[in-house]
file final-v5.json (JSON, C-alpha atoms)
[["chain", "number", "residue", "atom", "x", "y", "z"],
["Y", 1, "MET", "CA", 54.20, 0.48, 129.78],
["Y", 2, "PRO", "CA", 50.67, -0.81, 130.38],
["Y", 3, "SER", "CA", 48.69, -1.81, 127.32],
["Y", 4, "LEU", "CA", 45.43, -0.19, 126.25],
["Y", 5, "GLN", "CA", 43.01, -3.01, 125.48],
["Y", 6, "ARG", "CA", 39.47, -2.94, 124.12],
["Y", 7, "LEU", "CA", 37.11, -4.11, 126.87],
["Y", 8, "ARG", "CA", 36.40, -7.85, 126.71],
["Y", 9, "PRO", "CA", 34.29, -10.26, 128.79],
["Y", 10, "ASP", "CA", 37.37, -11.66, 130.54],
["Y", 11, "HIS", "CA", 38.30, -8.20, 131.88],
["Y", 12, "ALA", "CA", 35.28, -8.25, 134.23],
["Y", 13, "PRO", "CA", 36.98, -9.55, 137.43],
["Y", 14, "ALA", "CA", 39.97, -7.20, 137.15],
["Y", 15, "LEU", "CA", 37.73, -4.26, 136.22],
["Y", 16, "LEU", "CA", 35.45, -4.87, 139.19],
["Y", 17, "ALA", "CA", 38.49, -5.08, 141.49],
["Y", 18, "PHE", "CA", 39.78, -1.79, 140.03],
["Y", 19, "GLU", "CA", 36.45, -0.04, 140.65],
["Y", 20, "GLN", "CA", 36.11, -1.42, 144.19],
["Y", 21, "GLU", "CA", 39.69, -0.61, 145.21],
["Y", 22, "ASN", "CA", 39.43, 2.95, 143.91],
["Y", 23, "ARG", "CA", 35.82, 3.78, 144.82],
["Y", 24, "ALA", "CA", 36.62, 6.31, 147.55],
["Y", 25, "TYR", "CA", 39.45, 7.83, 145.52],
["Y", 26, "PHE", "CA", 37.19, 8.36, 142.49],
["Y", 27, "ALA", "CA", 34.31, 9.66, 144.62],
["Y", 28, "ALA", "CA", 36.53, 12.52, 145.76],
["Y", 29, "SER", "CA", 36.45, 14.01, 142.24],
["Y", 30, "VAL", "CA", 33.48, 12.48, 140.40],
["Y", 31, "PRO", "CA", 30.02, 11.35, 141.52],
["Y", 32, "ASP", "CA", 30.05, 7.90, 143.13],
["Y", 33, "ARG", "CA", 28.65, 5.08, 141.01],
["Y", 34, "GLY", "CA", 26.44, 3.87, 143.86],
["Y", 35, "ASP", "CA", 26.05, 0.43, 145.39],
["Y", 36, "ASP", "CA", 23.90, -0.89, 142.52],
["Y", 37, "TYR", "CA", 26.85, -0.50, 140.15],
["Y", 38, "PHE", "CA", 28.78, -3.07, 142.18],
["Y", 39, "THR", "CA", 25.93, -5.46, 142.99],
["Y", 40, "GLN", "CA", 24.79, -5.50, 139.34],
["Y", 41, "PHE", "CA", 28.30, -5.39, 137.86],
["Y", 42, "ASP", "CA", 28.16, -8.61, 135.79],
["Y", 43, "ALA", "CA", 24.87, -7.69, 134.12],
["Y", 44, "ARG", "CA", 26.09, -4.15, 133.47],
["Y", 45, "HIS", "CA", 29.37, -5.43, 132.02],
["Y", 46, "SER", "CA", 27.48, -7.70, 129.62],
["Y", 47, "SER", "CA", 25.16, -4.86, 128.62],
["Y", 48, "LEU", "CA", 28.10, -2.54, 127.93],
["Y", 49, "LEU", "CA", 29.78, -5.18, 125.79],
["Y", 50, "ALA", "CA", 26.58, -5.49, 123.74],
["Y", 51, "GLU", "CA", 26.51, -1.70, 123.26],
["Y", 52, "GLN", "CA", 30.17, -1.82, 122.26],
["Y", 53, "ASP", "CA", 29.47, -4.55, 119.71],
["Y", 54, "ALA", "CA", 26.75, -2.28, 118.26],
["Y", 55, "GLY", "CA", 29.29, 0.58, 117.92],
["Y", 56, "LEU", "CA", 27.51, 2.85, 120.42],
["Y", 57, "ILE", "CA", 30.46, 2.95, 122.84],
["Y", 58, "HIS", "CA", 34.13, 2.00, 122.85],
["Y", 59, "PHE", "CA", 35.53, 0.97, 126.24],
["Y", 60, "HIS", "CA", 39.19, 0.34, 126.96],
["Y", 61, "VAL", "CA", 41.17, -0.75, 129.97],
["Y", 62, "LEU", "CA", 44.76, 0.08, 130.78],
["Y", 63, "VAL", "CA", 46.29, -3.23, 131.86],
["Y", 64, "ASP", "CA", 49.71, -3.96, 133.35],
["Y", 65, "ASP", "CA", 51.81, -7.07, 132.64],
["Y", 66, "SER", "CA", 50.10, -9.02, 135.45],
["Y", 67, "GLY", "CA", 46.60, -8.33, 134.08],
["Y", 68, "GLU", "CA", 45.73, -5.75, 136.73],
["Y", 69, "VAL", "CA", 43.55, -2.89, 135.49],
["Y", 70, "LEU", "CA", 45.24, 0.46, 136.18],
["Y", 71, "GLY", "CA", 42.72, 2.60, 134.36],
["Y", 72, "ARG", "CA", 39.86, 2.83, 131.96],
["Y", 73, "ILE", "CA", 39.39, 5.05, 128.93],
["Y", 74, "ASN", "CA", 35.86, 5.23, 127.56],
["Y", 75, "LEU", "CA", 34.32, 6.71, 124.43],
["Y", 76, "VAL", "CA", 30.56, 7.02, 124.91],
["Y", 77, "ASP", "CA", 27.66, 8.64, 123.11],
["Y", 78, "VAL", "CA", 29.24, 7.75, 119.76],
["Y", 79, "ALA", "CA", 27.30, 9.46, 116.96],
["Y", 80, "ASP", "CA", 27.90, 11.58, 113.88],
["Y", 81, "GLY", "CA", 31.69, 11.20, 114.01],
["Y", 82, "SER", "CA", 32.07, 12.25, 117.62],
["Y", 83, "ALA", "CA", 32.10, 10.79, 121.13],
["Y", 84, "GLU", "CA", 32.48, 11.78, 124.77],
["Y", 85, "LEU", "CA", 35.80, 10.81, 126.37],
["Y", 86, "GLY", "CA", 35.95, 9.65, 129.98],
["Y", 87, "TYR", "CA", 38.84, 8.15, 131.94],
["Y", 88, "ARG", "CA", 39.87, 6.96, 135.39],
["Y", 89, "ILE", "CA", 43.31, 5.99, 136.63],
["Y", 90, "ALA", "CA", 43.90, 3.96, 139.80],
["Y", 91, "GLU", "CA", 45.09, 5.94, 142.80],
["Y", 92, "LYS", "CA", 48.31, 3.93, 143.04],
["Y", 93, "ALA", "CA", 49.07, 4.65, 139.35],
["Y", 94, "ALA", "CA", 48.25, 8.36, 139.40],
["Y", 95, "GLY", "CA", 50.91, 10.96, 138.72],
["Y", 96, "ARG", "CA", 52.98, 8.76, 136.39],
["Y", 97, "GLY", "CA", 51.70, 10.11, 133.07],
["Y", 98, "LEU", "CA", 49.49, 7.08, 132.42],
["Y", 99, "ALA", "CA", 46.34, 9.14, 131.86],
["Y", 100, "THR", "CA", 48.07, 11.40, 129.36],
["Y", 101, "SER", "CA", 49.54, 8.46, 127.47],
["Y", 102, "ALA", "CA", 46.29, 6.49, 127.48],
["Y", 103, "VAL", "CA", 44.21, 9.49, 126.34],
["Y", 104, "LEU", "CA", 46.62, 10.11, 123.46],
["Y", 105, "ARG", "CA", 46.37, 6.46, 122.43],
["Y", 106, "ALA", "CA", 42.57, 6.61, 122.69],
["Y", 107, "CYS", "CA", 42.53, 9.72, 120.47],
["Y", 108, "ALA", "CA", 44.57, 7.88, 117.86],
["Y", 109, "LEU", "CA", 42.26, 4.82, 118.04],
["Y", 110, "ALA", "CA", 39.20, 7.06, 117.81],
["Y", 111, "ALA", "CA", 40.50, 8.61, 114.60],
["Y", 112, "THR", "CA", 42.07, 5.62, 112.90],
["Y", 113, "HIS", "CA", 40.03, 2.65, 114.09],
["Y", 114, "TYR", "CA", 36.62, 4.08, 114.97],
["Y", 115, "GLY", "CA", 36.44, 6.80, 112.29],
["Y", 116, "LEU", "CA", 35.69, 9.60, 114.73],
["Y", 117, "THR", "CA", 36.59, 13.21, 113.96],
["Y", 118, "THR", "CA", 35.88, 14.94, 117.28],
["Y", 119, "LEU", "CA", 36.05, 14.03, 120.96],
["Y", 120, "ARG", "CA", 34.35, 15.90, 123.77],
["Y", 121, "ALA", "CA", 35.21, 15.76, 127.46],
["Y", 122, "ALA", "CA", 34.31, 17.53, 130.69],
["Y", 123, "THR", "CA", 35.73, 17.77, 134.17],
["Y", 124, "THR", "CA", 35.02, 19.67, 137.34],
["Y", 125, "VAL", "CA", 36.81, 22.96, 137.88],
["Y", 126, "ASP", "CA", 38.51, 21.59, 141.00],
["Y", 127, "ASN", "CA", 39.95, 18.52, 139.22],
["Y", 128, "ALA", "CA", 43.33, 20.03, 138.31],
["Y", 129, "GLY", "CA", 44.80, 16.68, 137.29],
["Y", 130, "SER", "CA", 42.08, 15.96, 134.75],
["Y", 131, "ARG", "CA", 42.22, 19.52, 133.39],
["Y", 132, "ALA", "CA", 46.00, 19.12, 132.93],
["Y", 133, "VAL", "CA", 45.58, 15.80, 131.10],
["Y", 134, "LEU", "CA", 43.05, 17.32, 128.72],
["Y", 135, "ALA", "CA", 45.28, 20.34, 128.03],
["Y", 136, "ARG", "CA", 48.35, 18.12, 127.41],
["Y", 137, "THR", "CA", 46.40, 15.94, 124.98],
["Y", 138, "GLY", "CA", 45.11, 18.72, 122.73],
["Y", 139, "PHE", "CA", 41.65, 19.36, 124.18],
["Y", 140, "VAL", "CA", 40.52, 22.98, 124.27],
["Y", 141, "PRO", "CA", 37.93, 24.46, 126.65],
["Y", 142, "THR", "CA", 34.56, 25.12, 125.03],
["Y", 143, "GLY", "CA", 32.41, 26.32, 127.93],
["Y", 144, "GLU", "CA", 31.14, 25.96, 131.45],
["Y", 145, "VAL", "CA", 28.96, 23.03, 132.55],
["Y", 146, "LEU", "CA", 27.54, 21.52, 135.71],
["Y", 147, "LEU", "CA", 28.73, 18.01, 136.53],
["Y", 148, "GLY", "CA", 26.81, 16.35, 139.31],
["Y", 149, "GLY", "CA", 25.91, 19.81, 140.59],
["Y", 150, "HIS", "CA", 29.55, 20.97, 140.57],
["Y", 151, "PRO", "CA", 31.00, 23.68, 138.29],
["Y", 152, "GLY", "CA", 32.86, 22.17, 135.37],
["Y", 153, "ILE", "CA", 34.50, 22.89, 132.05],
["Y", 154, "SER", "CA", 33.63, 21.24, 128.74],
["Y", 155, "TYR", "CA", 36.37, 20.50, 126.20],
["Y", 156, "SER", "CA", 36.67, 19.42, 122.59],
["Y", 157, "ARG", "CA", 39.42, 17.98, 120.42],
["Y", 158, "ASP", "CA", 39.57, 17.83, 116.64],
["Y", 159, "LEU", "CA", 41.02, 14.42, 115.81],
["Y", 160, "GLY", "CA", 42.66, 15.61, 112.62],
["Y", 161, "GLU", "CA", 45.72, 15.99, 114.83],
["Y", 162, "ALA", "CA", 45.27, 12.68, 116.68],
["Y", 163, "LEU", "CA", 48.14, 10.87, 115.03],
["Y", 164, "ASP", "CA", 50.54, 13.74, 115.60],
["Y", 165, "GLY", "CA", 49.42, 14.00, 119.24],
["Y", 166, "ALA", "CA", 49.91, 10.27, 119.83],
["Y", 167, "THR", "CA", 53.60, 10.57, 119.01],
["Y", 168, "ARG", "CA", 54.34, 13.51, 121.32]]
call {"tool": "encode", "arguments": {"input": "final-v5.json", "output": "structure tokens"}}
result
Amino acid sequence: MPSLQRLRPDHAPALLAFEQENRAYFAASVPDRGDDYFTQFDARHSSLLAEQDAGLIHFHVLVDDSGEVLGRINLVDVADGSAELGYRIAEKAAGRGLATSAVLRACALAATHYGLTTLRAATTVDNAGSRAVLARTGFVPTGEVLLGGHPGISYSRDLGEALDGATR
């Protein structure tokens, strides 16, 4: 099983390769990051690591035995015991339960390591895979939202159950 690792400086080349290889796949369900994301990747990576060191975000990569990044699980907008969860799984790794497993592990880390009590998430209505992952990992719908101009659903999860959920 791939390991969930806190984002580090040495992840940059594998993370960039992951984003480039999956750009079209991701753009089918979430807004594209744009060309600047890729041309300014090193500076952005350094900036994100600085934000992570300050406790404002917690980024993780799902890495296989060869060091290839198969996914990313991010906790952003960390404040007042809560954060927004975001995740992406490589096209070639989709459908194997990796997102569900990684989200459950991130929930446990959020509760036990980062001291968070609530996670929020959102996905577009037409992203059935993401909606299924959120439902399987204990997130409950909280309302309708617009995501990049597309209809979406917001979710929340109380992390009081995070340890129980991580063992399911």
call {"tool": "closest_residue", "arguments": {"input": "final-v5.json", "among": "Y:Arg120, Y:Arg96, Y:His150, Y:Arg8", "to": "Ala50 (chain Y)", "atoms": "only C-alpha atoms"}}
result
Y:Arg8
call {"tool": "axis_aligned_box", "arguments": {"input": "final-v5.json", "around": "region 18-32 of chain Y", "padding_each_side": "4 Å", "output": "JSON"}}
result
{"center_x": 34.9, "center_y": 6.1, "center_z": 143.8, "size_x": 17.8, "size_y": 23.8, "size_z": 15.5}
call {"tool": "residues_around", "arguments": {"input": "final-v5.json", "residues": "Ala94 (chain Y)", "least_positions_apart": "6", "cutoff": "10 Å", "atoms": "all atoms listed in the file", "output": "list in words"}}
result
Leu70, Gly71, Arg88 and Gly129 of chain Y
call {"tool": "atom_distance", "arguments": {"input": "final-v5.json", "atom1": "CA of Val63 (chain Y)", "atom2": "CA of Asp32 (chain Y)"}}
result
22.7 Å
call {"tool": "atom_distance", "arguments": {"input": "final-v5.json", "atom1": "CA of Asp80 (chain Y)", "atom2": "CA of Gly115 (chain Y)"}}
result
9.9 Å
call {"tool": "atom_distance", "arguments": {"input": "final-v5.json", "atom1": "CA of Arg136 (chain Y)", "atom2": "CA of Ala106 (chain Y)"}}
result
13.7 Å
call {"tool": "residues_around", "arguments": {"input": "final-v5.json", "residues": "Ala135 (chain Y)", "least_positions_apart": "4", "cutoff": "10 Å", "atoms": "all atoms listed in the file", "output": "PyMOL selection string"}}
result
chain Y and resi 100+129-131+139-141+155+157
call {"tool": "closest_residue", "arguments": {"input": "final-v5.json", "among": "Y:Leu109, Y:Ala122, Y:Leu48, Y:Ala14", "to": "Gly143 (chain Y)", "atoms": "all atoms listed in the file"}}
result
Y:Ala122
call {"tool": "residues_near_point", "arguments": {"input": "final-v5.json", "point": "(25.9, 20.9, 138.8)", "cutoff": "12 Å", "atoms": "all atoms listed in the file", "output": "JSON, numbers by chain"}}
result
{"Y": [30, 31, 123, 124, 125, 144, 145, 146, 147, 148, 149, 150, 151, 152, 153]}
call {"tool": "closest_residue", "arguments": {"input": "final-v5.json", "among": "Y:Ala102, Y:Ala54, Y:Leu85, Y:Ala28", "to": "Leu116 (chain Y)", "atoms": "all atoms listed in the file"}}
result
Y:Leu85
call {"tool": "residues_around", "arguments": {"input": "final-v5.json", "residues": "region 37-42 of chain Y", "least_positions_apart": "6", "cutoff": "12 Å", "atoms": "all atoms listed in the file", "output": "PyMOL selection string"}}
result
chain Y and resi 9-21+23+48-49
call {"tool": "closest_residue", "arguments": {"input": "final-v5.json", "among": "Y:Thr117, Y:Ser101, Y:Ser29, Y:Gln5", "to": "His58 (chain Y)", "atoms": "all atoms listed in the file"}}
result
Y:Gln5
call {"tool": "residues_around", "arguments": {"input": "final-v5.json", "residues": "His60 (chain Y)", "least_positions_apart": "6", "cutoff": "6 Å", "atoms": "all atoms listed in the file", "output": "list in words"}}
result
Gln5, Arg6, Leu7, Arg72, Ile73 and Asn74 of chain Y
call {"tool": "residues_around", "arguments": {"input": "final-v5.json", "residues": "Leu119 (chain Y)", "least_positions_apart": "3", "cutoff": "7 Å", "atoms": "all atoms listed in the file", "output": "ChimeraX atom specification"}}
result
/Y:82-85,156-158
call {"tool": "closest_residue", "arguments": {"input": "final-v5.json", "among": "Y:Arg44, Y:Lys92, Y:Arg33, Y:Arg105", "to": "Val61 (chain Y)", "atoms": "only C-alpha atoms"}}
result
Y:Arg105
call {"tool": "closest_residue", "arguments": {"input": "final-v5.json", "among": "Y:Val103, Y:Ala111, Y:Leu62, Y:Ala128", "to": "Gly86 (chain Y)", "atoms": "all atoms listed in the file"}}
result
Y:Val103
call {"tool": "decode", "arguments": {"input": "final-v5.json", "residues": "region 108-119 of chain Y", "atoms": "all heavy atoms", "output": "compact mmCIF listing (two decimals), in the first residue's frame"}}
result
# COMPACT_ATOMS: atom_id res chain seq x y z
N ALA Y 108 -7.46 10.86 10.32
CA ALA Y 108 -6.81 10.45 11.57
C ALA Y 108 -5.66 11.39 11.91
O ALA Y 108 -5.51 11.82 13.07
CB ALA Y 108 -6.34 9.01 11.47
N LEU Y 109 -4.83 11.74 10.92
CA LEU Y 109 -3.73 12.69 11.15
C LEU Y 109 -4.26 14.05 11.60
O LEU Y 109 -3.70 14.67 12.50
CB LEU Y 109 -2.91 12.87 9.87
CG LEU Y 109 -1.84 11.86 9.55
CD1 LEU Y 109 -1.25 12.14 8.17
CD2 LEU Y 109 -0.74 11.91 10.61
N ALA Y 110 -5.33 14.49 10.94
CA ALA Y 110 -5.90 15.80 11.27
C ALA Y 110 -6.31 15.85 12.74
O ALA Y 110 -6.08 16.85 13.43
CB ALA Y 110 -7.10 16.10 10.37
N ALA Y 111 -6.90 14.76 13.22
CA ALA Y 111 -7.37 14.72 14.61
C ALA Y 111 -6.23 14.52 15.59
O ALA Y 111 -6.14 15.22 16.60
CB ALA Y 111 -8.40 13.61 14.77
N THR Y 112 -5.36 13.57 15.31
CA THR Y 112 -4.34 13.19 16.30
C THR Y 112 -3.06 14.01 16.23
O THR Y 112 -2.45 14.26 17.25
CB THR Y 112 -3.98 11.70 16.15
OG1 THR Y 112 -3.43 11.48 14.86
CG2 THR Y 112 -5.19 10.82 16.37
N HIS Y 113 -2.67 14.41 15.04
CA HIS Y 113 -1.38 15.10 14.89
C HIS Y 113 -1.54 16.62 14.77
O HIS Y 113 -0.70 17.38 15.25
CB HIS Y 113 -0.63 14.54 13.69
CG HIS Y 113 0.80 14.96 13.62
ND1 HIS Y 113 1.76 14.49 14.49
CD2 HIS Y 113 1.43 15.83 12.80
CE1 HIS Y 113 2.92 15.05 14.20
NE2 HIS Y 113 2.74 15.86 13.17
N TYR Y 114 -2.61 17.05 14.10
CA TYR Y 114 -2.78 18.48 13.86
C TYR Y 114 -3.80 19.13 14.80
O TYR Y 114 -3.99 20.34 14.75
CB TYR Y 114 -3.18 18.74 12.40
CG TYR Y 114 -2.22 18.13 11.40
CD1 TYR Y 114 -2.70 17.40 10.33
CD2 TYR Y 114 -0.84 18.28 11.53
CE1 TYR Y 114 -1.83 16.83 9.41
CE2 TYR Y 114 0.03 17.71 10.62
CZ TYR Y 114 -0.47 16.99 9.56
OH TYR Y 114 0.39 16.43 8.65
N GLY Y 115 -4.47 18.34 15.64
CA GLY Y 115 -5.40 18.87 16.61
C GLY Y 115 -6.67 19.46 16.03
O GLY Y 115 -7.32 20.30 16.66
N LEU Y 116 -7.06 19.01 14.85
CA LEU Y 116 -8.27 19.53 14.23
C LEU Y 116 -9.49 18.75 14.71
O LEU Y 116 -9.38 17.58 15.07
CB LEU Y 116 -8.16 19.44 12.70
CG LEU Y 116 -6.99 20.22 12.09
CD1 LEU Y 116 -6.92 20.01 10.58
CD2 LEU Y 116 -7.09 21.70 12.42
N THR Y 117 -10.63 19.41 14.72
CA THR Y 117 -11.87 18.76 15.17
C THR Y 117 -12.89 18.59 14.05
O THR Y 117 -13.81 17.79 14.16
CB THR Y 117 -12.51 19.56 16.31
OG1 THR Y 117 -12.75 20.90 15.85
CG2 THR Y 117 -11.60 19.57 17.53
N THR Y 118 -12.74 19.36 12.97
CA THR Y 118 -13.69 19.31 11.86
C THR Y 118 -12.96 19.48 10.54
O THR Y 118 -12.04 20.29 10.44
CB THR Y 118 -14.73 20.45 11.98
OG1 THR Y 118 -15.34 20.39 13.26
CG2 THR Y 118 -15.79 20.34 10.90
N LEU Y 119 -13.39 18.70 9.54
CA LEU Y 119 -12.91 18.91 8.18
C LEU Y 119 -14.10 19.24 7.30
O LEU Y 119 -15.20 18.73 7.49
CB LEU Y 119 -12.21 17.66 7.63
CG LEU Y 119 -10.87 17.31 8.24
CD1 LEU Y 119 -10.28 16.07 7.57
CD2 LEU Y 119 -9.89 18.48 8.15
